[in-house]
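S.K.: Pasting run_0.cif below, which is mmCIF, C-alpha atoms.
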data_input
loop_
_atom_site.label_atom_id
_atom_site.label_comp_id
_atom_site.auth_asym_id
_atom_site.auth_seq_id
_atom_site.Cartn_x
_atom_site.Cartn_y
_atom_site.Cartn_z
CA MET A 1 15.50 3.31 6.44
CA LEU A 2 12.50 1.30 7.60
CA ILE A 3 11.86 -2.28 6.48
CA SER A 4 8.35 -3.57 7.00
CA ASP A 5 5.85 -6.14 5.81
CA TYR A 6 3.95 -5.14 2.71
CA GLU A 7 0.32 -4.17 3.25
CA GLN A 8 -1.53 -3.85 -0.03
CA SER A 9 -4.23 -1.58 1.36
CA LYS A 10 -1.63 0.97 2.50
CA MET A 11 1.28 0.46 0.09
CA SER A 12 -0.09 -0.49 -3.29
CA GLN A 13 0.34 2.98 -4.80
CA GLY A 14 3.91 3.20 -3.47
CA ILE A 15 4.79 -0.17 -5.07
CA ARG A 16 3.20 0.94 -8.34
CA GLN A 17 5.26 4.15 -8.29
CA LEU A 18 8.44 2.19 -7.48
CA PHE A 19 7.98 -0.01 -10.56
CA LEU A 20 7.05 2.93 -12.78
CA GLU A 21 10.41 4.46 -11.84
CA ILE A 22 12.35 1.20 -12.23
CA TYR A 23 10.73 0.32 -15.57
CA PRO A 24 9.65 3.66 -17.12
CA ASP A 25 9.29 2.07 -20.57
CA ASP A 26 6.88 -0.64 -19.35
CA PRO A 27 4.01 0.80 -17.28
CA SER A 28 2.10 -2.49 -17.56
CA LEU A 29 4.79 -4.08 -15.41
CA ALA A 30 3.99 -1.65 -12.61
CA GLU A 31 0.42 -2.96 -12.61
CA LYS A 32 1.57 -6.61 -12.53
CA MET A 33 3.90 -5.97 -9.60
CA ASN A 34 1.11 -4.68 -7.36
CA PHE A 35 1.26 -7.67 -5.01
CA ASN A 36 -1.72 -9.12 -3.26
CA GLU A 37 -0.56 -10.67 -0.02
CA ASN A 38 -3.42 -13.17 -0.27
CA ARG A 39 -2.33 -14.46 -3.70
CA VAL A 40 -1.80 -18.20 -4.06
CA ARG A 41 1.81 -19.26 -3.32
CA HIS A 42 2.70 -15.82 -1.90
CA ILE A 43 4.79 -16.28 1.22
CA CYS A 44 6.22 -12.88 2.07
CA THR A 45 6.75 -9.37 0.71
CA LYS A 46 8.86 -6.77 2.50
CA VAL A 47 9.37 -3.14 1.56
CA ALA A 48 12.14 -0.66 2.28
CA MET A 49 11.07 2.92 2.93
CA ILE A 50 13.03 6.13 3.31
CA ASN A 51 11.13 9.20 4.50
CA GLY A 52 7.85 7.42 3.77
CA LYS A 53 8.77 6.56 0.16
CA ILE A 54 9.01 2.92 -0.93
CA VAL A 55 12.49 2.53 -2.41
CA GLY A 56 12.65 -1.25 -2.64
CA GLN A 57 10.75 -4.47 -2.28
CA ALA A 58 11.57 -8.15 -1.89
CA ASN A 59 9.14 -11.01 -2.14
CA VAL A 60 9.00 -14.77 -1.91
CA PHE A 61 6.63 -16.99 -3.89
CA SER A 62 6.66 -20.79 -3.78
CA PHE A 63 6.61 -22.74 -7.01
CA LYS A 64 3.43 -24.49 -8.13
CA GLY A 65 3.41 -27.99 -6.70
CA ARG A 66 6.61 -27.34 -4.70
CA PRO A 67 5.77 -25.76 -1.33
CA ASP A 68 9.33 -26.50 -0.17
CA ILE A 69 11.05 -24.35 -2.84
CA ALA A 70 10.45 -20.66 -3.49
CA ASN A 71 11.81 -17.78 -5.53
CA LEU A 72 13.21 -14.63 -3.91
CA GLY A 73 12.86 -11.52 -6.03
CA TYR A 74 14.01 -8.02 -5.20
CA HIS A 75 13.86 -4.60 -6.84
CA ILE A 76 15.53 -1.40 -5.69
CA HIS A 77 14.78 2.09 -7.02
CA PRO A 78 17.67 3.19 -9.32
CA ASP A 79 18.41 6.27 -7.18
CA TYR A 80 18.87 4.12 -4.07
CA ARG A 81 21.04 1.28 -5.39
CA ASN A 82 24.50 0.48 -3.99
CA GLN A 83 23.49 1.71 -0.53
CA GLY A 84 22.95 -1.69 1.14
CA ILE A 85 19.16 -1.51 0.85
CA GLY A 86 18.88 -4.68 -1.25
CA GLU A 87 20.99 -6.62 1.23
CA LYS A 88 19.06 -5.46 4.31
CA LEU A 89 15.71 -5.97 2.60
CA SER A 90 16.63 -9.44 1.34
CA LYS A 91 18.03 -10.51 4.73
CA ALA A 92 14.81 -9.43 6.44
CA THR A 93 12.79 -11.37 3.89
CA ILE A 94 14.97 -14.49 4.25
CA ASP A 95 14.72 -14.27 8.06
CA LYS A 96 10.93 -14.12 7.83
CA VAL A 97 10.68 -17.32 5.71
CA LYS A 98 13.23 -19.41 7.65
CA ASN A 99 10.59 -20.92 9.93
CA THR A 100 8.19 -21.93 7.17
CA ALA A 101 7.84 -25.12 5.12
CA LEU A 102 10.52 -23.83 2.75
CA SER A 103 13.83 -25.64 2.52
CA ILE A 104 15.32 -23.88 -0.52
CA LEU A 105 15.21 -20.35 -1.95
CA LEU A 106 16.15 -19.59 -5.55
CA ILE A 107 17.24 -16.35 -7.14
CA ARG A 108 16.93 -16.22 -10.93
CA THR A 109 18.40 -13.27 -12.78
CA GLU A 110 19.98 -12.27 -16.06
CA LEU A 111 23.68 -13.06 -16.45
CA LYS A 112 24.30 -9.38 -17.21
CA ASN A 113 22.80 -8.31 -13.86
CA ILE A 114 26.12 -8.28 -12.03
CA GLY A 115 24.75 -6.33 -9.05
CA SER A 116 22.06 -8.92 -8.40
CA ILE A 117 24.52 -11.79 -8.73
CA LYS A 118 26.94 -10.11 -6.29
CA LEU A 119 24.09 -9.54 -3.83
CA ALA A 120 22.93 -13.17 -4.10
CA ARG A 121 26.46 -14.40 -3.34
CA LYS A 122 26.75 -11.99 -0.41
CA LEU A 123 23.49 -13.43 0.95
CA GLY A 124 24.93 -16.97 0.76
CA PHE A 125 23.37 -18.15 -2.50
CA THR A 126 25.48 -20.51 -4.61
CA GLU A 127 25.13 -22.07 -8.03
CA PRO A 128 23.09 -25.28 -7.86
CA THR A 129 24.67 -28.71 -8.07
CA ASN A 130 24.20 -30.75 -11.23
CA GLU A 131 21.87 -33.08 -9.32
CA PHE A 132 19.68 -30.16 -8.23
CA GLN A 133 19.65 -28.78 -11.78
CA LYS A 134 18.55 -32.12 -13.25
CA ALA A 135 15.86 -32.68 -10.62
CA ASN A 136 14.49 -29.13 -10.81
CA GLU A 137 15.05 -28.03 -14.40
CA GLU A 138 11.53 -26.61 -14.71
CA LEU A 139 12.11 -24.33 -11.69
CA ILE A 140 15.50 -23.11 -12.83
CA SER A 141 14.51 -22.09 -16.34
CA SER A 142 12.46 -19.04 -17.21
CA ASP A 143 10.70 -18.15 -20.45
CA ASN A 144 11.19 -14.47 -19.64
CA ILE A 145 14.96 -14.57 -19.16
CA LYS A 146 17.08 -15.84 -22.06
CA GLU A 147 20.58 -15.73 -20.53
CA MET A 148 19.89 -16.53 -16.91
CA ILE A 149 21.70 -17.66 -13.81
CA CYS A 150 19.97 -19.49 -11.00
CA MET A 151 21.39 -19.48 -7.49
CA VAL A 152 20.30 -21.56 -4.49
CA LEU A 153 20.16 -21.02 -0.73
CA ASP A 154 19.44 -23.86 1.68
CA LEU A 155 17.34 -22.64 4.59
#
Let me see the file written as structure tokens.

M.R.:
Amino acid sequence: MLISDYEQSKMSQGIRQLFLEIYPDDPSLAEKMNFNENRVRHICTKVAMINGKIVGQANVFSFKGRPDIANLGYHIHPDYRNQGIGEKLSKATIDKVKNTALSILLIRTELKNIGSIKLARKLGFTEPTNEFQKANEELISSDNIKEMICMVLDL
């Protein structure tokens, strides 16, 4: 497995195909997930490849008005899950953003996504304190996820 920085000019079709296979019922999502590394608030996107095929991606985007806090998101192709790819990919992404202006990474996921929650804990993420929740309620919530958990990692 090779983990590398995302390059839109070379990898955009591979990312599109990854999301078509992860979300076969929502092809519009594949178009939205075609990351532009020059997009505002984009900090980092890494991809995992096996035999030249993109099998996973992880990215970090800061929150509007909060350059010190960012969201880590990751997606692994269904045929390649439970093989340590998400962990290696996420660790590489976290390592890349450690020497930036970021002080905190968040992972937000559905409560039913047990695999993602286990991975977040393995990476060192914990549930936020009440003080953090009160001070950052707008970052923790998501209109797209009804039953959500937010986890925090201090960098």

S.K.: Go through the shown structure with the PyMOL selection byres ((chain A and resi 71-86) around 7) and write out the matching residues as a PyMOL selection string.

M.R.: chain A and resi 18+21-22+55-62+70+87-90+105-107

S.K.: When you look at stretch 149-154 of chain A with a cut-off of 6 Å (counting all atoms listed in the file), what residues show up, excluding the ones that are within fewer than 5 positions of it in the same chain? I need them as a list of chain:residue names.

M.R.: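 In the requested format, the answer is A:Ser103, A:Ile104, A:Leu105, A:Leu106, A:Ile107, A:Arg108, A:Thr109, A:Leu111, A:Phe125, A:Thr126, A:Glu127, A:Pro128.
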
S.K.: Taking the file as shown, find all residues satisfying the PyMOL selection byres ((chain A and resi 100) around 12) and write them as a VMD selection string.

M.R.: chain A and resid 43 to 44 60 62 67 to 70 93 to 99 101 to 105 155

S.K.: Please tell me which residues are no farther than 10 Å from (21.1, -8.8, -17.5) in the file, counting all atoms listed in the file, and write them as a tab-separated table (two decimals) with C-alpha atoms, in the coordinates of the input.

M.R.:
chain	number	residue	atom	x	y	z
A	109	THR	CA	18.40	-13.27	-12.78
A	110	GLU	CA	19.98	-12.27	-16.06
A	111	LEU	CA	23.68	-13.06	-16.45
A	112	LYS	CA	24.30	-9.38	-17.21
A	113	ASN	CA	22.80	-8.31	-13.86
A	114	ILE	CA	26.12	-8.28	-12.03
A	115	GLY	CA	24.75	-6.33	-9.05
A	116	SER	CA	22.06	-8.92	-8.40
A	117	ILE	CA	24.52	-11.79	-8.73
A	145	ILE	CA	14.96	-14.57	-19.16
A	146	LYS	CA	17.08	-15.84	-22.06
A	147	GLU	CA	20.58	-15.73	-20.53
A	148	MET	CA	19.89	-16.53	-16.91
A	149	ILE	CA	21.70	-17.66	-13.81

S.K.: Mind working out the centre and edge lengths of an axis-aligned box for stretch 19-23 of chain A, all listed atoms inside, 4 Å added to each side, rounded to one decimal in Å and written as JSON?

M.R.:
{"center_x": 9.7, "center_y": 2.2, "center_z": -13.1, "size_x": 13.3, "size_y": 12.5, "size_z": 13.0}

S.K.: For A:Met11, which of A:Lys91, A:Lys46, A:Arg41, A:Lys122 is the closest residue, counting all atoms listed in the file?

M.R.: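 Of A:Lys91, A:Lys46, A:Arg41, A:Lys122, the one nearest A:Met11, counting all atoms listed in the file, is A:Lys46.
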
S.K.: Kindly give the distance, in Å, that separates atom CA of A:Ala92 and atom CA of A:Ile3, rounded to a single decimal.

M.R.: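 Separation between atom CA of A:Ala92 and atom CA of A:Ile3: 7.7 Å.
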
S.K.: Ranking A:Ala135, A:Arg66, A:Gly124, A:Met49 by minimum distance to A:Ile15 and counting all atoms listed in the file, which one comes first?

M.R.: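 For A:Ile15, the nearest of the candidates is A:Met49.
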
S.K.: Mind pulling up the distance from atom CA of A:Arg121 to atom CA of A:Glu7?

M.R.: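 Straight-line distance from atom CA of A:Glu7 to atom CA of A:Arg121 works out to 28.8 Å.
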
S.K.: Need to verify the contact set: stretch 50-53 of chain A, 8 Å, only C-alpha atoms, exclusion of same-chain residues closer than 3 positions in sequence. Can you return it as a CSV table (one decimal) with C-alpha atoms, in the frame of the given file?

M.R.:
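The result, stored in around-v4.csv:
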chain,number,residue,atom,x,y,z
A,1,MET,CA,15.5,3.3,6.4
A,2,LEU,CA,12.5,1.3,7.6
A,14,GLY,CA,3.9,3.2,-3.5

S.K.: In Å, with one decimal, what is the gap from atom CA of A:Ile54 to atom CA of A:Leu123?

M.R.: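 Those two atoms sit 21.9 Å apart.
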
S.K.: Save C-alpha atoms of stretch 107-124 of chain A from the block above as a compact mmCIF listing (two decimals), in the first residue's frame.

M.R.:
# COMPACT_ATOMS: atom_id res chain seq x y z
CA ILE A 107 -13.93 13.64 13.93
CA ARG A 108 -17.70 13.76 13.51
CA THR A 109 -19.54 10.58 12.61
CA GLU A 110 -22.84 8.79 13.04
CA LEU A 111 -23.32 6.94 16.33
CA LYS A 112 -24.04 3.77 14.35
CA ASN A 113 -20.64 3.95 12.60
CA ILE A 114 -18.89 1.73 15.13
CA GLY A 115 -15.85 1.16 12.89
CA SER A 116 -15.17 4.88 12.59
CA ILE A 117 -15.60 5.41 16.33
CA LYS A 118 -13.19 2.55 17.10
CA LEU A 119 -10.66 4.00 14.65
CA ALA A 120 -10.96 7.48 16.18
CA ARG A 121 -10.30 6.07 19.65
CA LYS A 122 -7.34 4.06 18.36
CA LEU A 123 -5.93 7.30 16.90
CA GLY A 124 -6.21 9.00 20.32
